[in-house]
file data_0.txt (compact mmCIF, C-alpha atoms)
# COMPACT_ATOMS: atom_id res chain seq x y z
CA MET A 1 -17.24 -36.57 -10.63
CA PRO A 2 -17.41 -34.67 -7.30
CA ASN A 3 -14.34 -35.05 -5.11
CA LYS A 4 -14.36 -35.81 -1.42
CA ILE A 5 -12.02 -33.53 0.47
CA ASP A 6 -10.84 -32.73 3.98
CA ASP A 7 -11.15 -29.17 5.13
CA PRO A 8 -8.31 -28.63 7.63
CA GLN A 9 -9.83 -25.36 8.86
CA GLN A 10 -13.15 -26.89 9.80
CA GLY A 11 -11.63 -30.19 10.86
CA SER A 12 -14.38 -32.20 9.19
CA ASN A 13 -14.96 -34.04 5.97
CA MET A 14 -16.95 -32.14 3.39
CA GLN A 15 -18.07 -32.88 -0.14
CA THR A 16 -17.09 -30.25 -2.72
CA THR A 17 -19.37 -29.67 -5.65
CA ILE A 18 -16.40 -29.14 -7.96
CA SER A 19 -15.73 -31.89 -10.47
CA ASP A 20 -12.97 -32.23 -13.08
CA GLU A 21 -15.25 -30.79 -15.75
CA GLN A 22 -16.24 -27.91 -13.51
CA PHE A 23 -12.60 -27.21 -12.69
CA ILE A 24 -11.83 -27.08 -16.44
CA SER A 25 -14.83 -24.83 -17.02
CA ILE A 26 -13.69 -22.42 -14.28
CA LEU A 27 -10.15 -22.47 -15.70
CA ARG A 28 -11.54 -21.46 -19.08
CA GLU A 29 -13.83 -18.86 -17.58
CA HIS A 30 -11.40 -17.13 -15.24
CA GLY A 31 -7.98 -18.09 -16.56
CA THR A 32 -5.26 -20.46 -15.41
CA ASP A 33 -3.96 -18.12 -12.70
CA ILE A 34 -5.94 -19.44 -9.77
CA GLU A 35 -4.92 -16.54 -7.53
CA ALA A 36 -6.87 -14.24 -9.88
CA TRP A 37 -10.10 -16.21 -9.48
CA PRO A 38 -13.04 -14.69 -7.60
CA ALA A 39 -12.81 -15.32 -3.84
CA ALA A 40 -15.72 -17.77 -3.83
CA LEU A 41 -14.04 -19.98 -6.44
CA LEU A 42 -10.52 -19.54 -5.10
CA VAL A 43 -11.15 -21.78 -2.07
CA GLU A 44 -12.79 -24.43 -4.26
CA GLY A 45 -9.93 -24.29 -6.75
CA LYS A 46 -7.21 -24.54 -4.12
CA THR A 47 -8.96 -27.42 -2.40
CA TYR A 48 -9.34 -29.20 -5.71
CA LEU A 49 -5.63 -28.77 -6.43
CA GLN A 50 -4.67 -30.08 -2.98
CA ASN A 51 -6.70 -33.22 -3.47
CA ASN A 52 -6.16 -33.97 -7.14
CA GLU A 53 -2.84 -34.90 -8.66
CA ARG A 54 -4.18 -34.22 -12.12
CA GLY A 55 -5.09 -30.63 -11.20
CA GLU A 56 -1.67 -29.16 -12.07
CA ASN A 57 -1.59 -31.11 -15.36
CA LEU A 58 -5.06 -29.85 -16.22
CA ILE A 59 -3.88 -26.29 -15.66
CA LYS A 60 -0.91 -26.88 -17.99
CA THR A 61 -3.17 -28.42 -20.63
CA ILE A 62 -5.67 -25.57 -20.49
CA GLN A 63 -2.83 -23.05 -20.46
CA SER A 64 -1.32 -24.45 -23.67
CA GLU A 65 -4.81 -24.55 -25.18
CA GLU A 66 -5.42 -20.93 -24.22
CA ASN A 67 -2.03 -19.89 -25.61
CA GLU A 68 -2.83 -21.59 -28.89
CA LEU A 69 -6.25 -19.99 -29.00
CA ASP A 70 -4.66 -16.68 -28.13
CA MET A 71 -2.24 -16.97 -31.07
CA ARG A 72 -4.97 -17.93 -33.51
CA LEU A 73 -7.24 -15.12 -32.38
CA ARG A 74 -4.39 -12.64 -32.61
CA ASN A 75 -3.72 -13.72 -36.20
CA LEU A 76 -7.39 -13.75 -37.09
CA VAL A 77 -8.12 -10.31 -35.63
CA LYS A 78 -5.06 -8.85 -37.33
CA GLN A 79 -6.35 -10.13 -40.66
CA LEU A 80 -9.60 -8.20 -40.33
CA PRO A 81 -9.95 -5.94 -43.36
CA PRO A 82 -8.62 -2.44 -42.60
CA HIS A 83 -11.08 0.41 -42.34
CA ASP A 84 -10.48 3.61 -44.27
CA PHE A 85 -10.15 6.55 -41.90
CA SER A 86 -9.04 9.12 -44.48
CA SER A 87 -12.31 11.06 -44.25
CA LEU A 88 -12.01 11.16 -40.46
CA GLU A 89 -8.42 12.37 -40.81
CA ARG A 90 -9.54 15.14 -43.16
CA LYS A 91 -12.29 16.11 -40.74
CA ILE A 92 -9.87 16.33 -37.82
CA LEU A 93 -7.25 18.25 -39.78
CA SER A 94 -9.78 20.71 -41.16
CA GLN A 95 -11.07 21.71 -37.72
CA SER A 96 -9.72 25.01 -36.48
CA LEU A 97 -7.45 24.51 -33.52
CA PRO A 98 -7.89 26.66 -30.45
CA GLU A 99 -5.13 29.21 -29.89
CA LYS A 100 -2.19 27.72 -28.07
CA ARG A 101 -1.39 29.83 -25.00
CA GLY A 102 1.92 30.04 -23.23
CA ASN A 103 2.35 30.35 -19.48
CA LEU A 104 -0.81 31.84 -18.09
CA THR A 105 -0.73 34.58 -15.46
CA TRP A 106 -3.05 34.30 -12.49
CA VAL A 107 -5.27 36.98 -14.05
CA ASP A 108 -5.65 34.86 -17.25
CA THR A 109 -6.37 31.77 -15.21
CA MET A 110 -9.02 33.64 -13.21
CA ASN A 111 -10.53 35.07 -16.38
CA ASP A 112 -10.64 31.60 -17.95
CA TRP A 113 -12.34 30.22 -14.90
CA LEU A 114 -14.79 33.11 -14.64
CA PHE A 115 -15.92 33.37 -18.23
CA GLY A 116 -15.16 29.82 -19.37
CA ASN A 117 -12.47 28.88 -21.79
CA GLU A 118 -14.23 25.64 -22.70
CA LYS A 119 -17.53 24.76 -24.24
CA MET A 120 -19.55 24.92 -21.04
CA PRO A 121 -22.51 27.27 -21.50
CA HIS A 122 -23.83 26.70 -17.98
CA ALA A 123 -20.42 27.64 -16.52
CA GLN A 124 -20.51 30.97 -18.32
CA LEU A 125 -23.60 31.95 -16.33
CA LEU A 126 -23.00 30.09 -13.12
CA ARG A 127 -19.41 31.09 -12.42
CA PRO A 128 -19.88 34.90 -12.68
CA SER A 129 -22.99 34.54 -10.51
CA ILE A 130 -21.04 32.61 -7.87
CA ALA A 131 -18.24 35.20 -7.98
CA ALA A 132 -20.74 38.08 -7.68
CA PHE A 133 -22.53 36.40 -4.79
CA PHE A 134 -19.34 35.80 -2.83
CA SER A 135 -17.99 39.30 -3.35
CA MET A 136 -21.35 40.79 -2.33
CA THR A 137 -21.48 38.63 0.82
CA LEU A 138 -17.90 39.55 1.65
CA GLY A 139 -18.71 43.24 1.19
CA ILE A 140 -21.76 43.09 3.40
CA VAL A 141 -19.99 41.17 6.15
CA SER A 142 -16.85 43.31 6.18
CA GLY A 143 -18.89 46.52 5.90
CA SER A 144 -21.15 45.65 8.76
CA LEU A 145 -18.23 44.54 10.94
CA TYR A 146 -16.38 47.79 10.32
CA SER A 147 -19.33 50.07 11.09
CA LEU A 148 -20.31 48.06 14.19
CA ASN A 149 -16.81 48.42 15.59
CA ASN A 150 -17.01 52.20 15.20
CA LEU A 151 -20.41 52.36 16.78
CA GLU A 152 -19.24 50.27 19.73
CA GLN A 153 -16.20 52.48 20.16
CA GLU A 154 -18.34 55.58 20.03
CA LEU A 155 -20.83 54.14 22.48
CA SER A 156 -18.21 52.98 24.92
CA SER A 157 -16.36 56.31 24.92
CA GLN A 158 -19.63 58.18 25.38
CA ASN A 159 -20.61 55.88 28.24
CA ILE A 160 -17.37 56.47 30.08
CA GLU A 161 -17.83 60.20 29.86
CA ASP A 162 -21.40 59.91 31.14
CA GLU A 163 -20.30 57.65 33.95
CA LEU A 164 -17.57 60.03 35.01
CA TYR A 165 -20.06 62.84 34.99
CA LEU A 166 -22.49 60.86 37.14
CA MET A 167 -19.76 59.85 39.53
CA ALA A 168 -18.78 63.43 39.87
CA LEU A 169 -22.33 64.38 40.69
CA THR A 170 -22.73 61.65 43.33
CA SER A 171 -19.47 62.57 45.02
CA GLU A 172 -20.62 66.17 45.17
CA ILE A 173 -23.85 65.14 46.87
CA LYS A 174 -22.01 62.97 49.29
CA LEU A 175 -19.56 65.69 50.06
CA ASP A 176 -22.39 68.03 50.86
CA ASN A 177 -23.77 65.68 53.53
CA LEU A 178 -20.44 64.59 54.97
CA ASN A 179 -18.96 65.88 58.12
CA ILE A 180 -15.43 67.09 57.47
CA THR A 181 -14.23 65.66 60.78
CA GLU A 182 -15.50 62.22 59.78
CA LEU A 183 -13.44 62.43 56.66
CA GLU A 184 -10.34 63.51 58.49
CA GLY A 185 -10.83 60.78 61.10
CA PRO A 186 -9.90 60.84 64.80
CA GLU A 187 -6.64 62.45 65.63
CA MET B 1 11.61 9.50 -38.85
CA ILE B 2 10.90 12.12 -36.21
CA THR B 3 9.91 10.52 -32.94
CA ASP B 4 6.57 11.13 -31.24
CA GLU B 5 8.41 12.76 -28.36
CA LYS B 6 10.04 15.40 -30.59
CA LEU B 7 6.76 16.07 -32.37
CA MET B 8 4.98 16.47 -29.06
CA ARG B 9 7.57 19.00 -27.92
CA ARG B 10 6.84 20.97 -31.09
CA VAL B 11 3.10 20.66 -30.47
CA CYS B 12 3.69 22.13 -27.00
CA ASP B 13 5.18 25.17 -28.75
CA GLY B 14 2.11 25.43 -30.98
CA ASP B 15 3.50 23.83 -34.17
CA GLU B 16 0.45 22.82 -36.21
CA ASN B 17 2.51 20.82 -38.72
CA ALA B 18 3.80 18.59 -35.96
CA TYR B 19 0.18 18.13 -34.84
CA ARG B 20 -0.84 17.14 -38.39
CA LEU B 21 1.94 14.58 -38.52
CA LEU B 22 0.84 13.07 -35.22
CA VAL B 23 -2.79 12.91 -36.35
CA SER B 24 -1.77 11.09 -39.55
CA ARG B 25 0.40 8.72 -37.55
CA HIS B 26 -2.21 7.74 -34.95
CA ILE B 27 -5.56 8.21 -36.69
CA THR B 28 -5.88 4.59 -37.84
CA SER B 29 -5.32 3.04 -34.43
CA ILE B 30 -7.43 5.60 -32.55
CA GLY B 31 -10.21 5.49 -35.16
CA ARG B 32 -10.24 1.69 -35.10
CA TYR B 33 -10.28 1.57 -31.30
CA THR B 34 -13.08 4.12 -30.82
CA MET B 35 -15.10 2.55 -33.64
CA ARG B 36 -14.73 -0.87 -32.02
CA LEU B 37 -15.60 0.38 -28.53
CA LEU B 38 -18.66 2.29 -29.74
CA ASN B 39 -19.66 -0.62 -31.97
CA GLY B 40 -19.58 1.41 -35.16
CA ARG B 41 -21.79 4.25 -33.92
CA GLN B 42 -21.26 7.37 -35.99
CA ASP B 43 -20.25 9.23 -32.82
CA TYR B 44 -16.88 7.47 -32.90
CA GLU B 45 -15.77 10.25 -35.26
CA ASP B 46 -16.61 12.92 -32.68
CA ILE B 47 -14.81 10.98 -29.96
CA SER B 48 -11.72 10.56 -32.17
CA GLN B 49 -11.83 14.26 -32.93
CA GLU B 50 -11.98 15.03 -29.22
CA VAL B 51 -9.00 12.73 -28.58
CA PHE B 52 -6.82 14.72 -30.98
CA LEU B 53 -8.13 18.03 -29.70
CA ARG B 54 -6.95 16.99 -26.25
CA LEU B 55 -3.61 16.04 -27.73
CA TRP B 56 -3.33 19.62 -28.97
CA LEU B 57 -4.54 21.27 -25.78
CA LYS B 58 -3.01 19.00 -23.14
CA ALA B 59 0.25 18.08 -24.88
CA LYS B 60 2.20 19.38 -21.88
CA THR B 61 0.57 16.88 -19.53
CA TRP B 62 2.00 13.91 -21.45
CA ASP B 63 5.03 12.41 -19.73
CA PRO B 64 7.11 10.34 -22.19
CA LYS B 65 8.76 8.53 -19.28
CA SER B 66 5.51 7.16 -17.90
CA ALA B 67 3.75 6.07 -21.12
CA LYS B 68 4.14 5.89 -24.88
CA LEU B 69 2.14 8.45 -26.82
CA SER B 70 -0.09 5.74 -28.31
CA THR B 71 -0.83 4.43 -24.78
CA TRP B 72 -1.67 7.96 -23.60
CA LEU B 73 -3.97 8.57 -26.60
CA HIS B 74 -5.70 5.23 -26.15
CA ARG B 75 -6.25 6.02 -22.47
CA ILE B 76 -7.92 9.31 -23.42
CA ALA B 77 -10.01 7.49 -26.04
CA PHE B 78 -11.00 4.78 -23.54
CA ASN B 79 -12.14 7.33 -20.94
CA LEU B 80 -14.12 9.34 -23.51
CA CYS B 81 -15.79 6.22 -24.89
CA MET B 82 -16.70 4.97 -21.42
CA ASP B 83 -18.20 8.36 -20.52
CA TYR B 84 -20.19 8.21 -23.75
CA LEU B 85 -21.40 4.65 -23.20
CA ARG B 86 -22.43 5.39 -19.61
CA ARG B 87 -25.05 7.85 -20.82
CA PRO B 88 -28.49 6.31 -20.22
CA SER B 89 -29.60 6.85 -23.84
CA GLN B 90 -26.60 4.90 -25.10
CA ARG B 91 -27.19 2.03 -22.70
CA GLU B 92 -30.67 1.47 -24.11
CA SER B 93 -29.62 1.51 -27.75
CA HIS B 94 -26.62 -0.71 -27.05
CA SER B 95 -28.58 -3.95 -26.84
CA ASP B 96 -30.45 -3.46 -30.11
CA LEU B 97 -29.82 -6.27 -32.59
CA LYS B 98 -30.46 -5.94 -36.28
CA GLU B 99 -31.90 -8.75 -38.42
CA SER B 100 -28.57 -9.18 -40.18
CA ASP B 101 -26.83 -9.54 -36.82
CA ILE B 102 -29.16 -12.33 -35.76
CA ASP B 103 -28.43 -14.11 -39.05
CA ALA B 104 -24.73 -13.79 -38.36
CA VAL B 105 -25.12 -15.32 -34.90
CA GLN B 106 -27.20 -18.18 -36.22
CA ALA B 107 -24.63 -18.79 -38.94
CA LEU B 108 -22.04 -19.59 -36.26
CA ASP B 109 -23.32 -23.14 -36.05
CA GLU B 110 -22.61 -23.69 -39.71
CA PRO B 111 -19.11 -24.50 -40.96
CA VAL B 112 -17.19 -21.40 -41.92
CA ASN B 113 -15.66 -21.61 -45.36
CA ASP B 114 -15.95 -18.13 -46.72
CA VAL B 115 -13.22 -15.83 -45.40
CA ALA B 116 -15.42 -12.75 -45.61
CA GLN B 117 -18.15 -14.53 -43.71
CA ARG B 118 -15.68 -15.57 -41.02
CA PHE B 119 -14.56 -11.97 -40.61
CA ARG B 120 -18.18 -10.84 -40.41
CA GLN B 121 -18.78 -13.38 -37.67
CA LEU B 122 -15.66 -12.28 -35.85
CA GLU B 123 -16.74 -8.64 -36.03
CA LYS B 124 -20.15 -9.67 -34.75
CA LEU B 125 -18.77 -11.71 -31.87
CA ILE B 126 -16.45 -8.90 -30.82
CA SER B 127 -19.27 -6.37 -30.99
CA GLU B 128 -21.36 -8.57 -28.69
CA LEU B 129 -18.72 -8.71 -25.99
CA PRO B 130 -19.27 -6.48 -22.94
CA GLU B 131 -17.47 -3.12 -23.23
CA SER B 132 -14.55 -4.00 -20.98
CA GLN B 133 -13.92 -7.33 -22.73
CA ARG B 134 -14.27 -5.64 -26.11
CA SER B 135 -11.73 -3.03 -25.12
CA ALA B 136 -9.26 -5.61 -23.78
CA THR B 137 -9.62 -7.79 -26.89
CA THR B 138 -9.14 -4.88 -29.26
CA LEU B 139 -6.17 -3.47 -27.39
CA VAL B 140 -4.32 -6.77 -27.11
CA TYR B 141 -5.32 -8.67 -30.26
CA GLN B 142 -5.87 -5.89 -32.75
CA GLN B 143 -3.80 -2.93 -31.55
CA GLY B 144 -0.93 -5.14 -30.43
CA PHE B 145 -0.50 -3.72 -26.92
CA ALA B 146 1.20 -5.81 -24.27
CA ASN B 147 -1.02 -6.86 -21.38
CA LYS B 148 0.65 -4.34 -19.04
CA GLU B 149 0.07 -1.43 -21.45
CA ALA B 150 -3.52 -2.48 -22.09
CA SER B 151 -4.17 -2.69 -18.35
CA GLU B 152 -2.73 0.83 -17.92
CA ILE B 153 -5.01 2.15 -20.65
CA MET B 154 -8.05 0.62 -19.00
CA GLY B 155 -6.92 1.54 -15.49
CA ILE B 156 -7.08 -2.03 -14.18
CA SER B 157 -4.56 -4.58 -12.92
CA VAL B 158 -2.81 -6.99 -15.31
CA LYS B 159 -4.59 -9.90 -13.63
CA ALA B 160 -7.97 -8.26 -14.17
CA LEU B 161 -7.09 -7.71 -17.83
CA GLU B 162 -6.06 -11.35 -18.24
CA SER B 163 -9.33 -12.39 -16.69
CA LEU B 164 -11.21 -10.20 -19.21
CA LEU B 165 -9.22 -11.72 -22.07
CA SER B 166 -9.91 -15.19 -20.79
CA ARG B 167 -13.65 -14.51 -20.75
CA SER B 168 -13.63 -12.99 -24.22
CA ARG B 169 -11.64 -15.98 -25.51
CA LYS B 170 -14.45 -18.16 -24.25
CA THR B 171 -16.85 -16.33 -26.58
CA LEU B 172 -14.47 -16.12 -29.52
CA ARG B 173 -13.45 -19.77 -29.14
CA VAL B 174 -16.56 -20.72 -31.15
CA LEU B 175 -15.15 -19.11 -34.24
CA VAL B 176 -11.63 -20.44 -33.96
CA SER B 177 -12.61 -23.96 -32.97
CA SER B 178 -14.98 -24.18 -35.94
CA GLU B 179 -12.00 -24.11 -38.26
CA SER B 180 -10.03 -26.66 -36.25
CA SER B 181 -10.11 -30.22 -37.45
CA LYS B 182 -12.06 -32.75 -35.41
CA ALA B 183 -8.89 -34.70 -34.75
CA GLU B 184 -7.51 -31.79 -32.75
CA LYS B 185 -10.65 -31.56 -30.69
CA SER B 186 -9.82 -33.98 -27.90
CA SER B 187 -11.03 -32.91 -24.49
CA PRO B 188 -8.61 -31.46 -21.90
CA LEU B 189 -9.15 -34.55 -19.76
CA GLU B 190 -7.99 -36.81 -22.61
CA LYS B 191 -5.05 -34.51 -23.27
CA GLU B 192 -4.19 -34.47 -19.58
CA GLU B 193 -4.31 -38.29 -19.50
CA LYS B 194 -1.88 -38.43 -22.43
CA LEU B 195 0.38 -35.93 -20.68
CA TYR B 196 0.18 -37.94 -17.46
CA ALA B 197 1.03 -41.14 -19.35
CA LYS B 198 4.04 -39.44 -20.92
CA GLN B 199 5.31 -38.22 -17.56
CA ASN B 200 5.10 -41.69 -16.01
call {"tool": "encode", "arguments": {"input": "data_0.txt", "output": "structure tokens"}}
result
Amino acid sequence: MPNKIDDPQQGSNMQTTISDEQFISILREHGTDIEAWPAALLVEGKTYLQNNERGENLIKTIQSEENELDMRLRNLVKQLPPHDFSSLERKILSQSLPEKRGNLTWVDTMNDWLFGNEKMPHAQLLRPSIAAFFSMTLGIVSGSLYSLNNLEQELSSQNIEDELYLMALTSEIKLDNLNITELEGPE
Amino acid sequence: MITDEKLMRRVCDGDENAYRLLVSRHITSIGRYTMRLLNGRQDYEDISQEVFLRLWLKAKTWDPKSAKLSTWLHRIAFNLCMDYLRRPSQRESHSDLKESDIDAVQALDEPVNDVAQRFRQLEKLISELPESQRSATTLVYQQGFANKEASEIMGISVKALESLLSRSRKTLRVLVSSESSKAEKSSPLEKEEKLYAKQN
């Protein structure tokens, strides 16, 4: 039967849809630890417990029922006829084990990564390609940077020389047209 | 008897005899667990093989202080099985029911007298559970792990594991309750009323 409850948060009377049977069904479905119930049911369950004296007793009853069921299932499952795994054991023991390697150096680790120590055929192609691509890019970038620097240096040094030469020429022209007295200034 | 820890130390040094001993010691539980999780698919052998290969290769990563060797091996088996079951091709074939399976389900309504038949029904019911419930049930009921260990293997909280067990009990209840006498079958409300009467 549905239970009428007060919701203190909303401050109004509301009718819950949860009945004794439904509470039992939820207990069986989600266990007797109400805190572990899904959020939607948790509120319903807590409200039911607040408003029903028999709630706690129902939990105890279901709990003892579950414990009993648990015991019986445990016994029953343990009695299941054992399976013979001797052929599987032979299969595992007959497989050749990969060589056990001690402490790997960084070169070994890099080699393993590059050429693949595991059964990954795609990695054996992909990883060397990635490594080749990166080293090529690095080479191009560093090479171009280095040669550009040189070129700039060469250009700049050449420019300075040219500029000096031009300055020298202009001063010569100016000197030709200048009056010496103007340069010396009034006495 | 040499402990798992000592054998694992020898495996770390590349001792194949120690490895063989460990395989013999754990093959039944790992084989049973993978077979149960994969619902008897033949691939359970490959998965079990992979579990022991990882034992050989990754022996150094096992920390005896954090988990027992059986817990560690079951965790590897669980992860491998889940990866396998997540493959789309496996998901499709998972729901296939054989004629004999349908018979077994229908037979659940009938009283169970034959022990072999009861076991068949139990196997069937377990195989029909969702993967996570099947794993939890096998680990706790069959492999004898404590709830905490089983939750560590499955990478979930203890509460989540208990919830899984509770749901699987709901399914398996059919089998157990069929062997209970009718006298024991009073409803929880009646039981609660008796309990209430006793208390007052």
call {"tool": "interface_residues", "arguments": {"input": "data_0.txt", "of": "chain B", "to": "chain A", "cutoff": "6 Å", "atoms": "only C-alpha atoms", "output": "ChimeraX atom specification"}}
result
/B:14,49,141-142,163,166-167,192
call {"tool": "residues_around", "arguments": {"input": "data_0.txt", "residues": "B:Thr61", "least_positions_apart": "2", "cutoff": "12 Å", "atoms": "all atoms listed in the file", "output": "VMD selection string"}}
result
chain B and resid 8 to 9 11 to 12 54 to 59 63 to 67 69 72 to 73
call {"tool": "axis_aligned_box", "arguments": {"input": "data_0.txt", "around": "stretch 124-133 of chain B", "padding_each_side": "5 Å", "output": "AutoDock Vina command-line options"}}
result
--center_x -17.6 --center_y -7.4 --center_z -27.9 --size_x 17.4 --size_y 18.6 --size_z 23.8
call {"tool": "residues_around", "arguments": {"input": "data_0.txt", "residues": "B:Thr171", "least_positions_apart": "5", "cutoff": "12 Å", "atoms": "all atoms listed in the file", "output": "list in words"}}
result
Arg28, Glu29, Leu69 and Leu73 of chain A; Val105, Leu108, Gln121, Leu122, Lys124, Leu125, Ile126, Ser127, Glu128, Leu129, Pro130, Gln133, Arg134, Thr137, Leu164, Leu165, Ser166, Val176 and Ser177 of chain B
call {"tool": "atom_distance", "arguments": {"input": "data_0.txt", "atom1": "atom CA of B:Ser24", "atom2": "atom CA of B:Asp4"}}
result
11.8 Å
call {"tool": "closest_residue", "arguments": {"input": "data_0.txt", "among": "B:Tyr44, B:Tyr84, B:Phe52, B:Phe78", "to": "B:Ser135", "atoms": "only C-alpha atoms"}}
result
B:Phe78
call {"tool": "atom_distance", "arguments": {"input": "data_0.txt", "atom1": "atom CA of B:Leu7", "atom2": "atom CA of B:Arg25"}}
result
11.0 Å
call {"tool": "atom_distance", "arguments": {"input": "data_0.txt", "atom1": "atom CA of B:Arg173", "atom2": "atom CA of B:Arg32"}}
result
22.5 Å
